[in-house]
Amino acid sequence: MVVYHSLKLSTAPITSKEAKGTNYTDVMDKFKDAGFINVKTNIIYDIITGWVTDDGEVKSVTINGDEDFDTYDEYRPDAEVVITYHTYKKNDPNK
């Protein structure tokens, strides 16, 4: 008897367009709940007053470098998900 095992693929819980403008923690939770285990953040320290852009607002999300994905696209659960979001300049630890 030959037994084959295959890795179950995960689908993106939201589209790349839906993620933009939402809070990064919500997006992070959605990807983790969908089975993704390699979720990372990239912080952009560019907000001065917060009138135009909210603190924690998602700029972009990539899955294995793919910036344009949909909810029917399938990826390995260990695919690298990078959530890039905005925060205040004053929070920059390098300044």
# chains A, B, ... in the order shown; residues from 1 in each chain; ligands from 1
>>> residues_around(residues="range 61-69 of chain A", least_positions_apart="6", cutoff="12 Å", atoms="only C-alpha atoms", output="PyMOL selection string")
chain A and resi 10-24+27-28+31+36-43+75-85
>>> residues_around(residues="His86 in chain A", least_positions_apart="3", cutoff="8 Å", atoms="only C-alpha atoms", output="ChimeraX atom specification")
/A:43-47,53-59
>>> closest_residue(among="A:Leu9, A:Ile48, A:Ala34, A:Val2", to="Thr87 in chain A", atoms="only C-alpha atoms")
A:Ile48
>>> select_by_dssp(residues="chain A", states="alpha helix (DSSP H)", output="list in words")
Ser16, Lys17, Glu18, Ala19, Tyr24, Thr25, Asp26, Val27, Met28, Asp29, Lys30, Phe31, Lys32 and Asp33 of chain A
>>> select_by_dssp(residues="chain A", states="strand (DSSP E or B)", output="PyMOL selection string")
chain A and resi 10-11+23+38-47+57-63+66+74-75+80-88
